[in-house]
Every structure is written in structure tokens, then in C-alpha cells.
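Asker: This is run.pdb (PDB, C-alpha atoms, pLDDT in the B column).
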ATOM      1  CA  MET A   1      78.642 -16.209 -53.800  1.00 80.00           C
ATOM      2  CA  SER A   2      75.561 -15.120 -55.736  1.00 91.00           C
ATOM      3  CA  ILE A   3      72.208 -16.910 -55.527  1.00 95.00           C
ATOM      4  CA  ARG A   4      71.568 -18.385 -58.976  1.00 97.00           C
ATOM      5  CA  LEU A   5      67.995 -17.832 -60.168  1.00 97.00           C
ATOM      6  CA  LEU A   6      65.849 -19.279 -62.948  1.00 98.00           C
ATOM      7  CA  ILE A   7      62.676 -17.331 -63.811  1.00 97.00           C
ATOM      8  CA  VAL A   8      59.803 -19.388 -65.266  1.00 97.00           C
ATOM      9  CA  ASP A   9      56.669 -17.636 -66.511  1.00 95.00           C
ATOM     10  CA  ASP A  10      54.726 -17.807 -69.757  1.00 93.00           C
ATOM     11  CA  GLN A  11      54.511 -13.998 -69.931  1.00 93.00           C
ATOM     12  CA  GLU A  12      57.651 -12.353 -71.253  1.00 94.00           C
ATOM     13  CA  LEU A  13      56.836  -9.020 -69.595  1.00 93.00           C
ATOM     14  CA  VAL A  14      56.639 -10.717 -66.196  1.00 92.00           C
ATOM     15  CA  ARG A  15      59.995 -12.412 -66.730  1.00 94.00           C
ATOM     16  CA  THR A  16      61.575  -9.142 -67.832  1.00 95.00           C
ATOM     17  CA  GLY A  17      60.213  -7.270 -64.827  1.00 94.00           C
ATOM     18  CA  LEU A  18      61.470  -9.890 -62.400  1.00 94.00           C
ATOM     19  CA  ARG A  19      64.879  -9.944 -64.053  1.00 96.00           C
ATOM     20  CA  LEU A  20      65.223  -6.150 -63.767  1.00 95.00           C
ATOM     21  CA  ILE A  21      64.336  -6.264 -60.070  1.00 94.00           C
ATOM     22  CA  LEU A  22      66.601  -9.152 -59.178  1.00 95.00           C
ATOM     23  CA  GLU A  23      69.655  -8.316 -61.252  1.00 93.00           C
ATOM     24  CA  ALA A  24      69.900  -4.971 -59.448  1.00 93.00           C
ATOM     25  CA  LEU A  25      71.037  -6.859 -56.330  1.00 93.00           C
ATOM     26  CA  ASP A  26      74.660  -7.883 -55.906  1.00 91.00           C
ATOM     27  CA  ASP A  27      73.910 -11.275 -54.348  1.00 93.00           C
ATOM     28  CA  PHE A  28      71.478 -12.403 -57.067  1.00 96.00           C
ATOM     29  CA  GLU A  29      72.316 -13.753 -60.519  1.00 96.00           C
ATOM     30  CA  VAL A  30      69.533 -14.511 -63.016  1.00 97.00           C
ATOM     31  CA  VAL A  31      71.093 -17.369 -64.959  1.00 97.00           C
ATOM     32  CA  GLY A  32      68.152 -17.965 -67.282  1.00 97.00           C
ATOM     33  CA  GLU A  33      64.467 -17.793 -68.162  1.00 97.00           C
ATOM     34  CA  ALA A  34      61.843 -20.242 -69.395  1.00 96.00           C
ATOM     35  CA  GLY A  35      58.343 -19.813 -70.783  1.00 94.00           C
ATOM     36  CA  ASP A  36      56.804 -23.137 -69.699  1.00 94.00           C
ATOM     37  CA  GLY A  37      57.455 -26.190 -67.561  1.00 93.00           C
ATOM     38  CA  GLU A  38      59.164 -28.311 -70.183  1.00 94.00           C
ATOM     39  CA  GLU A  39      61.598 -25.539 -71.021  1.00 95.00           C
ATOM     40  CA  ALA A  40      62.142 -24.968 -67.292  1.00 95.00           C
ATOM     41  CA  LEU A  41      63.284 -28.561 -66.785  1.00 95.00           C
ATOM     42  CA  ALA A  42      65.750 -28.317 -69.645  1.00 95.00           C
ATOM     43  CA  ARG A  43      67.106 -24.988 -68.437  1.00 96.00           C
ATOM     44  CA  ALA A  44      67.401 -26.209 -64.854  1.00 96.00           C
ATOM     45  CA  GLU A  45      69.373 -29.262 -66.011  1.00 94.00           C
ATOM     46  CA  GLU A  46      71.693 -27.004 -67.994  1.00 95.00           C
ATOM     47  CA  LEU A  47      72.078 -24.071 -65.597  1.00 95.00           C
ATOM     48  CA  ARG A  48      71.687 -25.657 -62.128  1.00 96.00           C
ATOM     49  CA  PRO A  49      69.952 -22.712 -60.405  1.00 96.00           C
ATOM     50  CA  ASP A  50      69.737 -22.466 -56.625  1.00 96.00           C
ATOM     51  CA  VAL A  51      66.163 -21.117 -56.675  1.00 96.00           C
ATOM     52  CA  VAL A  52      63.484 -21.402 -59.368  1.00 97.00           C
ATOM     53  CA  LEU A  53      60.768 -18.737 -59.479  1.00 97.00           C
ATOM     54  CA  LEU A  54      57.898 -20.693 -61.007  1.00 95.00           C
ATOM     55  CA  ASP A  55      54.533 -19.585 -62.354  1.00 92.00           C
ATOM     56  CA  ILE A  56      51.784 -22.017 -61.369  1.00 88.00           C
ATOM     57  CA  ARG A  57      49.653 -21.870 -64.534  1.00 87.00           C
ATOM     58  CA  MET A  58      51.593 -22.455 -67.743  1.00 87.00           C
ATOM     59  CA  PRO A  59      51.100 -24.195 -71.100  1.00 84.00           C
ATOM     60  CA  ARG A  60      52.448 -27.697 -71.827  1.00 84.00           C
ATOM     61  CA  MET A  61      53.364 -28.460 -68.209  1.00 90.00           C
ATOM     62  CA  ASP A  62      51.881 -26.685 -65.188  1.00 88.00           C
ATOM     63  CA  GLY A  63      53.697 -25.665 -62.040  1.00 90.00           C
ATOM     64  CA  VAL A  64      52.667 -28.747 -60.073  1.00 90.00           C
ATOM     65  CA  GLU A  65      54.241 -31.286 -62.405  1.00 93.00           C
ATOM     66  CA  THR A  66      57.229 -29.032 -63.004  1.00 94.00           C
ATOM     67  CA  THR A  67      57.822 -28.725 -59.263  1.00 93.00           C
ATOM     68  CA  ALA A  68      57.606 -32.467 -58.744  1.00 92.00           C
ATOM     69  CA  ARG A  69      60.176 -33.099 -61.464  1.00 93.00           C
ATOM     70  CA  LEU A  70      62.507 -30.329 -60.297  1.00 94.00           C
ATOM     71  CA  THR A  71      62.525 -31.601 -56.704  1.00 90.00           C
ATOM     72  CA  GLY A  72      62.120 -35.318 -57.382  1.00 85.00           C
ATOM     73  CA  GLY A  73      65.776 -36.263 -57.297  1.00 72.00           C
ATOM     74  CA  GLY A  74      66.772 -35.791 -60.911  1.00 78.00           C
ATOM     75  CA  LEU A  75      68.876 -32.753 -60.036  1.00 83.00           C
ATOM     76  CA  ILE A  76      71.394 -32.972 -57.198  1.00 84.00           C
ATOM     77  CA  PRO A  77      71.201 -30.740 -55.320  1.00 87.00           C
ATOM     78  CA  ALA A  78      67.593 -30.035 -56.196  1.00 89.00           C
ATOM     79  CA  PRO A  79      66.732 -26.349 -56.618  1.00 94.00           C
ATOM     80  CA  ARG A  80      64.419 -24.639 -54.167  1.00 93.00           C
ATOM     81  CA  VAL A  81      61.105 -23.782 -55.827  1.00 94.00           C
ATOM     82  CA  LEU A  82      59.237 -20.542 -55.120  1.00 93.00           C
ATOM     83  CA  ILE A  83      55.745 -20.615 -56.623  1.00 90.00           C
ATOM     84  CA  LEU A  84      54.453 -17.323 -58.030  1.00 88.00           C
ATOM     85  CA  THR A  85      50.698 -16.981 -58.482  1.00 83.00           C
ATOM     86  CA  THR A  86      48.083 -14.326 -59.165  1.00 79.00           C
ATOM     87  CA  PHE A  87      45.542 -16.088 -56.961  1.00 68.00           C
ATOM     88  CA  ASP A  88      45.692 -16.282 -53.170  1.00 59.00           C
ATOM     89  CA  LEU A  89      43.556 -19.432 -53.133  1.00 61.00           C
ATOM     90  CA  ASP A  90      44.589 -21.812 -55.888  1.00 66.00           C
ATOM     91  CA  GLU A  91      44.456 -25.596 -55.611  1.00 69.00           C
ATOM     92  CA  TYR A  92      47.358 -25.763 -58.035  1.00 77.00           C
ATOM     93  CA  VAL A  93      49.497 -24.071 -55.386  1.00 74.00           C
ATOM     94  CA  PHE A  94      48.551 -26.665 -52.770  1.00 76.00           C
ATOM     95  CA  GLY A  95      49.515 -29.410 -55.197  1.00 80.00           C
ATOM     96  CA  ALA A  96      52.859 -27.714 -55.801  1.00 83.00           C
ATOM     97  CA  LEU A  97      53.530 -27.458 -52.060  1.00 80.00           C
ATOM     98  CA  ARG A  98      52.862 -31.170 -51.726  1.00 80.00           C
ATOM     99  CA  ALA A  99      55.098 -31.824 -54.737  1.00 85.00           C
ATOM    100  CA  GLY A 100      58.053 -30.159 -53.037  1.00 86.00           C
ATOM    101  CA  ALA A 101      57.793 -26.389 -53.467  1.00 88.00           C
ATOM    102  CA  ALA A 102      59.421 -24.572 -50.566  1.00 86.00           C
ATOM    103  CA  GLY A 103      56.933 -21.706 -50.561  1.00 83.00           C
ATOM    104  CA  PHE A 104      54.741 -19.435 -52.615  1.00 82.00           C
ATOM    105  CA  LEU A 105      54.230 -15.756 -53.165  1.00 84.00           C
ATOM    106  CA  LEU A 106      51.512 -13.682 -54.790  1.00 82.00           C
ATOM    107  CA  LYS A 107      52.582 -11.794 -57.889  1.00 84.00           C
ATOM    108  CA  ASP A 108      51.478  -8.498 -56.363  1.00 84.00           C
ATOM    109  CA  ALA A 109      53.949  -8.900 -53.483  1.00 84.00           C
ATOM    110  CA  SER A 110      56.355  -6.046 -52.883  1.00 89.00           C
ATOM    111  CA  ARG A 111      59.917  -6.056 -54.178  1.00 91.00           C
ATOM    112  CA  GLU A 112      61.166  -6.359 -50.609  1.00 91.00           C
ATOM    113  CA  ARG A 113      58.950  -9.379 -49.949  1.00 87.00           C
ATOM    114  CA  LEU A 114      60.159 -11.117 -53.111  1.00 91.00           C
ATOM    115  CA  VAL A 115      63.807 -10.552 -52.222  1.00 92.00           C
ATOM    116  CA  GLU A 116      63.212 -11.784 -48.671  1.00 88.00           C
ATOM    117  CA  ALA A 117      61.413 -14.890 -49.938  1.00 87.00           C
ATOM    118  CA  ILE A 118      64.289 -15.865 -52.223  1.00 93.00           C
ATOM    119  CA  ARG A 119      66.836 -15.429 -49.464  1.00 90.00           C
ATOM    120  CA  VAL A 120      64.704 -17.411 -46.999  1.00 83.00           C
ATOM    121  CA  LEU A 121      64.374 -20.325 -49.415  1.00 87.00           C
ATOM    122  CA  HIS A 122      68.050 -20.287 -50.363  1.00 89.00           C
ATOM    123  CA  ALA A 123      68.946 -20.473 -46.672  1.00 82.00           C
ATOM    124  CA  GLY A 124      67.044 -23.758 -46.480  1.00 78.00           C
ATOM    125  CA  ASP A 125      63.930 -22.469 -44.763  1.00 71.00           C
ATOM    126  CA  ALA A 126      60.347 -22.486 -45.980  1.00 68.00           C
ATOM    127  CA  LEU A 127      58.135 -19.501 -46.656  1.00 64.00           C
ATOM    128  CA  LEU A 128      55.349 -20.267 -44.199  1.00 58.00           C
ATOM    129  CA  SER A 129      54.755 -17.091 -42.280  1.00 48.00           C
ATOM    130  CA  PRO A 130      52.092 -15.411 -44.453  1.00 47.00           C
ATOM    131  CA  ALA A 131      48.613 -16.179 -43.200  1.00 52.00           C
ATOM    132  CA  VAL A 132      47.508 -16.800 -46.780  1.00 53.00           C
ATOM    133  CA  THR A 133      49.759 -19.873 -46.938  1.00 57.00           C
ATOM    134  CA  ARG A 134      48.063 -21.464 -43.970  1.00 61.00           C
ATOM    135  CA  ARG A 135      44.645 -20.453 -45.314  1.00 64.00           C
ATOM    136  CA  LEU A 136      45.377 -22.176 -48.616  1.00 63.00           C
ATOM    137  CA  VAL A 137      46.533 -25.360 -46.874  1.00 65.00           C
ATOM    138  CA  GLU A 138      43.475 -25.351 -44.629  1.00 64.00           C
ATOM    139  CA  THR A 139      41.144 -24.864 -47.591  1.00 66.00           C
ATOM    140  CA  PHE A 140      42.450 -27.585 -49.890  1.00 63.00           C
ATOM    141  CA  ALA A 141      43.951 -30.244 -47.619  1.00 61.00           C
ATOM    142  CA  ALA A 142      40.633 -31.935 -46.829  1.00 59.00           C
ATOM    143  CA  ARG A 143      39.614 -31.992 -50.491  1.00 62.00           C
ATOM    144  CA  THR A 144      42.778 -33.639 -51.733  1.00 58.00           C
ATOM    145  CA  ARG A 145      43.771 -35.841 -48.816  1.00 60.00           C
ATOM    146  CA  PRO A 146      45.900 -38.794 -50.011  1.00 60.00           C
ATOM    147  CA  PRO A 147      46.256 -42.032 -48.049  1.00 59.00           C
ATOM    148  CA  THR A 148      48.943 -41.915 -45.356  1.00 66.00           C
ATOM    149  CA  PRO A 149      50.757 -45.162 -44.505  1.00 72.00           C
ATOM    150  CA  PRO A 150      49.126 -46.687 -41.400  1.00 70.00           C
ATOM    151  CA  GLY A 151      51.049 -45.949 -38.241  1.00 82.00           C
ATOM    152  CA  LEU A 152      53.317 -43.330 -39.813  1.00 85.00           C
ATOM    153  CA  LEU A 153      52.385 -40.617 -37.348  1.00 89.00           C
ATOM    154  CA  ASP A 154      52.796 -43.105 -34.497  1.00 90.00           C
ATOM    155  CA  LEU A 155      56.534 -42.883 -35.147  1.00 93.00           C
ATOM    156  CA  LEU A 156      56.490 -39.459 -33.506  1.00 95.00           C
ATOM    157  CA  THR A 157      56.966 -39.023 -29.788  1.00 96.00           C
ATOM    158  CA  PRO A 158      54.310 -37.009 -27.921  1.00 95.00           C
ATOM    159  CA  ARG A 159      56.672 -34.010 -27.858  1.00 96.00           C
ATOM    160  CA  GLU A 160      57.414 -34.292 -31.580  1.00 96.00           C
ATOM    161  CA  ARG A 161      53.704 -34.415 -32.338  1.00 95.00           C
ATOM    162  CA  GLU A 162      53.221 -31.304 -30.208  1.00 95.00           C
ATOM    163  CA  VAL A 163      55.965 -29.545 -32.170  1.00 95.00           C
ATOM    164  CA  LEU A 164      54.358 -30.643 -35.462  1.00 94.00           C
ATOM    165  CA  VAL A 165      51.076 -29.028 -34.423  1.00 91.00           C
ATOM    166  CA  LEU A 166      52.832 -25.746 -33.649  1.00 90.00           C
ATOM    167  CA  VAL A 167      54.802 -25.845 -36.918  1.00 87.00           C
ATOM    168  CA  ALA A 168      51.533 -26.407 -38.792  1.00 83.00           C
ATOM    169  CA  ARG A 169      50.037 -23.416 -36.996  1.00 81.00           C
ATOM    170  CA  GLY A 170      52.783 -21.261 -38.473  1.00 75.00           C
ATOM    171  CA  LEU A 171      54.925 -20.698 -35.376  1.00 80.00           C
ATOM    172  CA  SER A 172      58.650 -20.118 -35.840  1.00 79.00           C
ATOM    173  CA  ASN A 173      61.276 -22.108 -33.952  1.00 85.00           C
ATOM    174  CA  THR A 174      61.723 -19.178 -31.579  1.00 86.00           C
ATOM    175  CA  GLU A 175      57.984 -18.979 -30.898  1.00 87.00           C
ATOM    176  CA  ILE A 176      57.749 -22.746 -30.367  1.00 91.00           C
ATOM    177  CA  ALA A 177      60.686 -22.631 -27.941  1.00 93.00           C
ATOM    178  CA  GLY A 178      58.916 -19.935 -25.941  1.00 94.00           C
ATOM    179  CA  ARG A 179      55.634 -21.844 -25.950  1.00 95.00           C
ATOM    180  CA  LEU A 180      57.228 -25.112 -24.779  1.00 95.00           C
ATOM    181  CA  VAL A 181      59.847 -23.477 -22.527  1.00 95.00           C
ATOM    182  CA  VAL A 182      62.772 -25.207 -24.241  1.00 95.00           C
ATOM    183  CA  THR A 183      65.782 -23.946 -26.188  1.00 95.00           C
ATOM    184  CA  GLU A 184      65.583 -23.122 -29.881  1.00 91.00           C
ATOM    185  CA  ALA A 185      68.241 -25.790 -30.509  1.00 93.00           C
ATOM    186  CA  THR A 186      65.913 -28.355 -28.932  1.00 96.00           C
ATOM    187  CA  VAL A 187      63.081 -27.272 -31.246  1.00 93.00           C
ATOM    188  CA  LYS A 188      65.367 -27.566 -34.278  1.00 91.00           C
ATOM    189  CA  SER A 189      66.276 -31.068 -33.170  1.00 95.00           C
ATOM    190  CA  HIS A 190      62.603 -32.032 -32.856  1.00 96.00           C
ATOM    191  CA  VAL A 191      61.782 -30.577 -36.288  1.00 93.00           C
ATOM    192  CA  GLY A 192      64.680 -32.501 -37.826  1.00 93.00           C
ATOM    193  CA  ALA A 193      63.463 -35.722 -36.220  1.00 96.00           C
ATOM    194  CA  ILE A 194      59.921 -35.108 -37.513  1.00 95.00           C
ATOM    195  CA  LEU A 195      61.112 -34.606 -41.080  1.00 92.00           C
ATOM    196  CA  THR A 196      63.332 -37.686 -40.939  1.00 94.00           C
ATOM    197  CA  LYS A 197      60.711 -39.996 -39.422  1.00 94.00           C
ATOM    198  CA  LEU A 198      57.964 -38.882 -41.802  1.00 92.00           C
ATOM    199  CA  GLY A 199      60.198 -38.785 -44.886  1.00 89.00           C
ATOM    200  CA  LEU A 200      59.542 -35.105 -45.577  1.00 86.00           C
ATOM    201  CA  ARG A 201      61.716 -32.558 -47.371  1.00 80.00           C
ATOM    202  CA  ASP A 202      60.983 -29.484 -45.260  1.00 81.00           C
ATOM    203  CA  ARG A 203      58.553 -27.626 -43.008  1.00 82.00           C
ATOM    204  CA  VAL A 204      56.160 -26.926 -45.874  1.00 79.00           C
ATOM    205  CA  GLN A 205      55.540 -30.625 -46.416  1.00 82.00           C
ATOM    206  CA  ALA A 206      55.198 -31.105 -42.653  1.00 86.00           C
ATOM    207  CA  VAL A 207      52.417 -28.507 -42.611  1.00 83.00           C
ATOM    208  CA  VAL A 208      50.672 -30.116 -45.574  1.00 81.00           C
ATOM    209  CA  LEU A 209      50.833 -33.564 -43.974  1.00 85.00           C
ATOM    210  CA  ALA A 210      49.548 -32.241 -40.646  1.00 85.00           C
ATOM    211  CA  TYR A 211      46.439 -30.747 -42.253  1.00 81.00           C
ATOM    212  CA  GLU A 212      45.877 -33.712 -44.553  1.00 79.00           C
ATOM    213  CA  ASN A 213      45.847 -36.127 -41.638  1.00 83.00           C
ATOM    214  CA  GLY A 214      43.854 -34.109 -39.125  1.00 80.00           C
ATOM    215  CA  VAL A 215      46.770 -33.449 -36.777  1.00 83.00           C
ATOM    216  CA  VAL A 216      45.519 -29.881 -36.886  1.00 77.00           C
ATOM    217  CA  VAL A 217      42.087 -28.744 -38.015  1.00 69.00           C
ATOM    218  CA  ALA A 218      41.238 -25.489 -39.769  1.00 60.00           C
ATOM    219  CA  GLY A 219      39.687 -22.970 -37.405  1.00 56.00           C
ATOM    220  CA  GLU A 220      41.126 -24.389 -34.201  1.00 58.00           C
ATOM    221  CA  PRO A 221      42.841 -21.817 -31.957  1.00 52.00           C
ATOM    222  CA  THR A 222      46.633 -21.790 -32.017  1.00 51.00           C
TER     223      THR A 222
END
Take the structure in the file and give it back as C-alpha cells.
Answerer:
Amino acid sequence: MSIRLLIVDDQELVRTGLRLILEALDDFEVVGEAGDGEEALARAEELRPDVVLLDIRMPRMDGVETTARLTGGGLIPAPRVLILTTFDLDEYVFGALRAGAAGFLLKDASRERLVEAIRVLHAGDALLSPAVTRRLVETFAARTRPPTPPGLLDLLTPREREVLVLVARGLSNTEIAGRLVVTEATVKSHVGAILTKLGLRDRVQAVVLAYENGVVVAGEPT
């Protein structure tokens, strides 16, 4: 079954270029395009894409608000949102990650990286491995820290908190398993418990919350 894609960008040439790249692959289907956030919401409601490739800076409705509305429960199942941006440090991107985006990619990324990112998101994972993602979170988390319900992090066991720190540092499940000398299945179980207890959608939001609340601090060694 093909991965259904919606391309959202206010530049027609960008949309056309992305469509040409993605439609050349057998497992991708570009079901539609939109030029701004409001049009994106209407097209997503109509077309029910699996993944939305979303520009962060657009007229009428920016990528942050669009992401929040795409992932906020109005569409079931909600599409996975991949933020596309020209800037590697953009506070709009951090807001979109908090709003529910599953990852972000720079517009100068290679074709191979774009294809990989879409497949990673469609599989239910988050695009967290690039160092620039962690750098962006580290840079903007302290500036935009929202209040966290008192005692929320106390719901985690000591082991779950340890896993949260390693997730926030960008380690994969395999790397965490090696660090803690446990099975990968055990790590997956801990990550699932963390997301459930903290009411988070995915690993991206776990990373954001960890930096916002000082569970990890920028510049600390992994």
C-alpha cells in the first residue's frame, strides 16, 4: 500500500519539485498540494494523507498552528507531520514540534534523506537523529518553557526517567539497550510507559518536555 502524501508550501516551484521526486517512487502517492495552512487543513480533511510535508512559514496560517490543528484530534487517524524549513534554527520549528510534528527536515536535504524521513515517520517513529534537531530543542526550550503540571515527572520510575534522559540525548532504542544492558524490547516498554504517563504523542514531544523541564540541560555530556 502506498504512503499517501500531502505537500504544503506557499511556493509552487517547491511543491512541483517535491512532487516530481516523490511520485517517482512506487510506494509514495502524492494525493494533493496546498499553498497555505488553511488550504492544507481543508485538503487533509478531504484526502486523508498519511504524511503531510509542511512548510513552516506560510501566509494566512503558519506551520505551527497548522500542525496543531492537523494533529489535535480532528482527523482520525491524524496524519504524521514532517516540517520543512530553510532555517536550521527557527523558533517556529520548535513550536511545531511541541504542537505535534513528528520531525523536521531542512529544505536542502538530499533526496535520499527526504525519502528516509517520510518512511521513518510513516512507520510511527520520530525524526530525531540529526544533531540539528537536538540543537534546535536545546536553543529554544528555555525561552519558551510552559508550565508543567506539578508532580507530572514524579509519575516516572527512576529507570523510566533514566530512559527519558537518553531519549532526549538522541539515543536510539538499540543504543539505550546497550547503555543500560537490557533488551531492546525492555527499552520499548519503558518508552511506551513514559509516553502514556506524561500524555505525549511520540518521542519528539518527550524530547521537548525533557528540555523544557530541565531533565536534561544543553551542553551536558551524553
Asker: Set the distance at 12 Å and use only C-alpha atoms: which residues neighbour segment 159-167 of chain A once local chain neighbours fewer than 6 positions away are removed? I'd like the list as a CSV table (one decimal) with C-alpha atoms, in the coordinates of the input.
Answerer:
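Output contents, as saved in out_1.csv:
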chain,number,residue,atom,x,y,z
A,126,ALA,CA,60.3,-22.5,-46.0
A,128,LEU,CA,55.3,-20.3,-44.2
A,129,SER,CA,54.8,-17.1,-42.3
A,134,ARG,CA,48.1,-21.5,-44.0
A,152,LEU,CA,53.3,-43.3,-39.8
A,153,LEU,CA,52.4,-40.6,-37.3
A,173,ASN,CA,61.3,-22.1,-34.0
A,174,THR,CA,61.7,-19.2,-31.6
A,175,GLU,CA,58.0,-19.0,-30.9
A,176,ILE,CA,57.7,-22.7,-30.4
A,177,ALA,CA,60.7,-22.6,-27.9
A,178,GLY,CA,58.9,-19.9,-25.9
A,179,ARG,CA,55.6,-21.8,-26.0
A,180,LEU,CA,57.2,-25.1,-24.8
A,182,VAL,CA,62.8,-25.2,-24.2
A,184,GLU,CA,65.6,-23.1,-29.9
A,186,THR,CA,65.9,-28.4,-28.9
A,187,VAL,CA,63.1,-27.3,-31.2
A,188,LYS,CA,65.4,-27.6,-34.3
A,189,SER,CA,66.3,-31.1,-33.2
A,190,HIS,CA,62.6,-32.0,-32.9
A,191,VAL,CA,61.8,-30.6,-36.3
A,192,GLY,CA,64.7,-32.5,-37.8
A,193,ALA,CA,63.5,-35.7,-36.2
A,194,ILE,CA,59.9,-35.1,-37.5
A,195,LEU,CA,61.1,-34.6,-41.1
A,196,THR,CA,63.3,-37.7,-40.9
A,197,LYS,CA,60.7,-40.0,-39.4
A,198,LEU,CA,58.0,-38.9,-41.8
A,202,ASP,CA,61.0,-29.5,-45.3
A,203,ARG,CA,58.6,-27.6,-43.0
A,204,VAL,CA,56.2,-26.9,-45.9
A,205,GLN,CA,55.5,-30.6,-46.4
A,206,ALA,CA,55.2,-31.1,-42.7
A,207,VAL,CA,52.4,-28.5,-42.6
A,208,VAL,CA,50.7,-30.1,-45.6
A,209,LEU,CA,50.8,-33.6,-44.0
A,210,ALA,CA,49.5,-32.2,-40.6
A,211,TYR,CA,46.4,-30.7,-42.3
A,213,ASN,CA,45.8,-36.1,-41.6
A,214,GLY,CA,43.9,-34.1,-39.1
A,215,VAL,CA,46.8,-33.4,-36.8
A,216,VAL,CA,45.5,-29.9,-36.9
A,217,VAL,CA,42.1,-28.7,-38.0
A,218,ALA,CA,41.2,-25.5,-39.8
A,220,GLU,CA,41.1,-24.4,-34.2
A,221,PRO,CA,42.8,-21.8,-32.0
A,222,THR,CA,46.6,-21.8,-32.0
Asker: Using Å and a single decimal, report how far atom CA of Leu121 of chain A sits from atom CA of Thr16 of chain A.
Answerer: 21.7 Å
Asker: Which residues fall under the PyMOL selection byres ((chain A and resi 101) around 8) in this file, as a PyMOL selection string?
Answerer: chain A and resi 67+71+80-83+96-100+102-104+204
Asker: To one decimal place, how far is atom CA of Gly17 of chain A from atom CA of Pro77 of chain A in Å?
Answerer: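 Going from atom CA of Gly17 of chain A over to atom CA of Pro77 of chain A, I get 27.6 Å.
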Asker: Which residues are close to Met61 of chain A, i.e. within 12 Å by all atoms listed in the file, leaving aside same-chain residues fewer than 4 positions away? Reply as a ChimeraX atom specification.
Answerer: /A:8-10,34-41,54-57,65-69
Asker: Pick the closest to Glu112 of chain A from A:Val14, A:Glu212, A:Thr86, A:Ile21: which is it, counting all atoms listed in the file?
Answerer: A:Ile21
Asker: Restricting the calculation to all atoms listed in the file, which member of A:Gly151, A:Arg169, A:Pro59, A:Leu84 is positioned closest to Leu114 of chain A?
Answerer: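 Of A:Gly151, A:Arg169, A:Pro59, A:Leu84, the one nearest Leu114 of chain A is A:Leu84, counting all atoms listed in the file.
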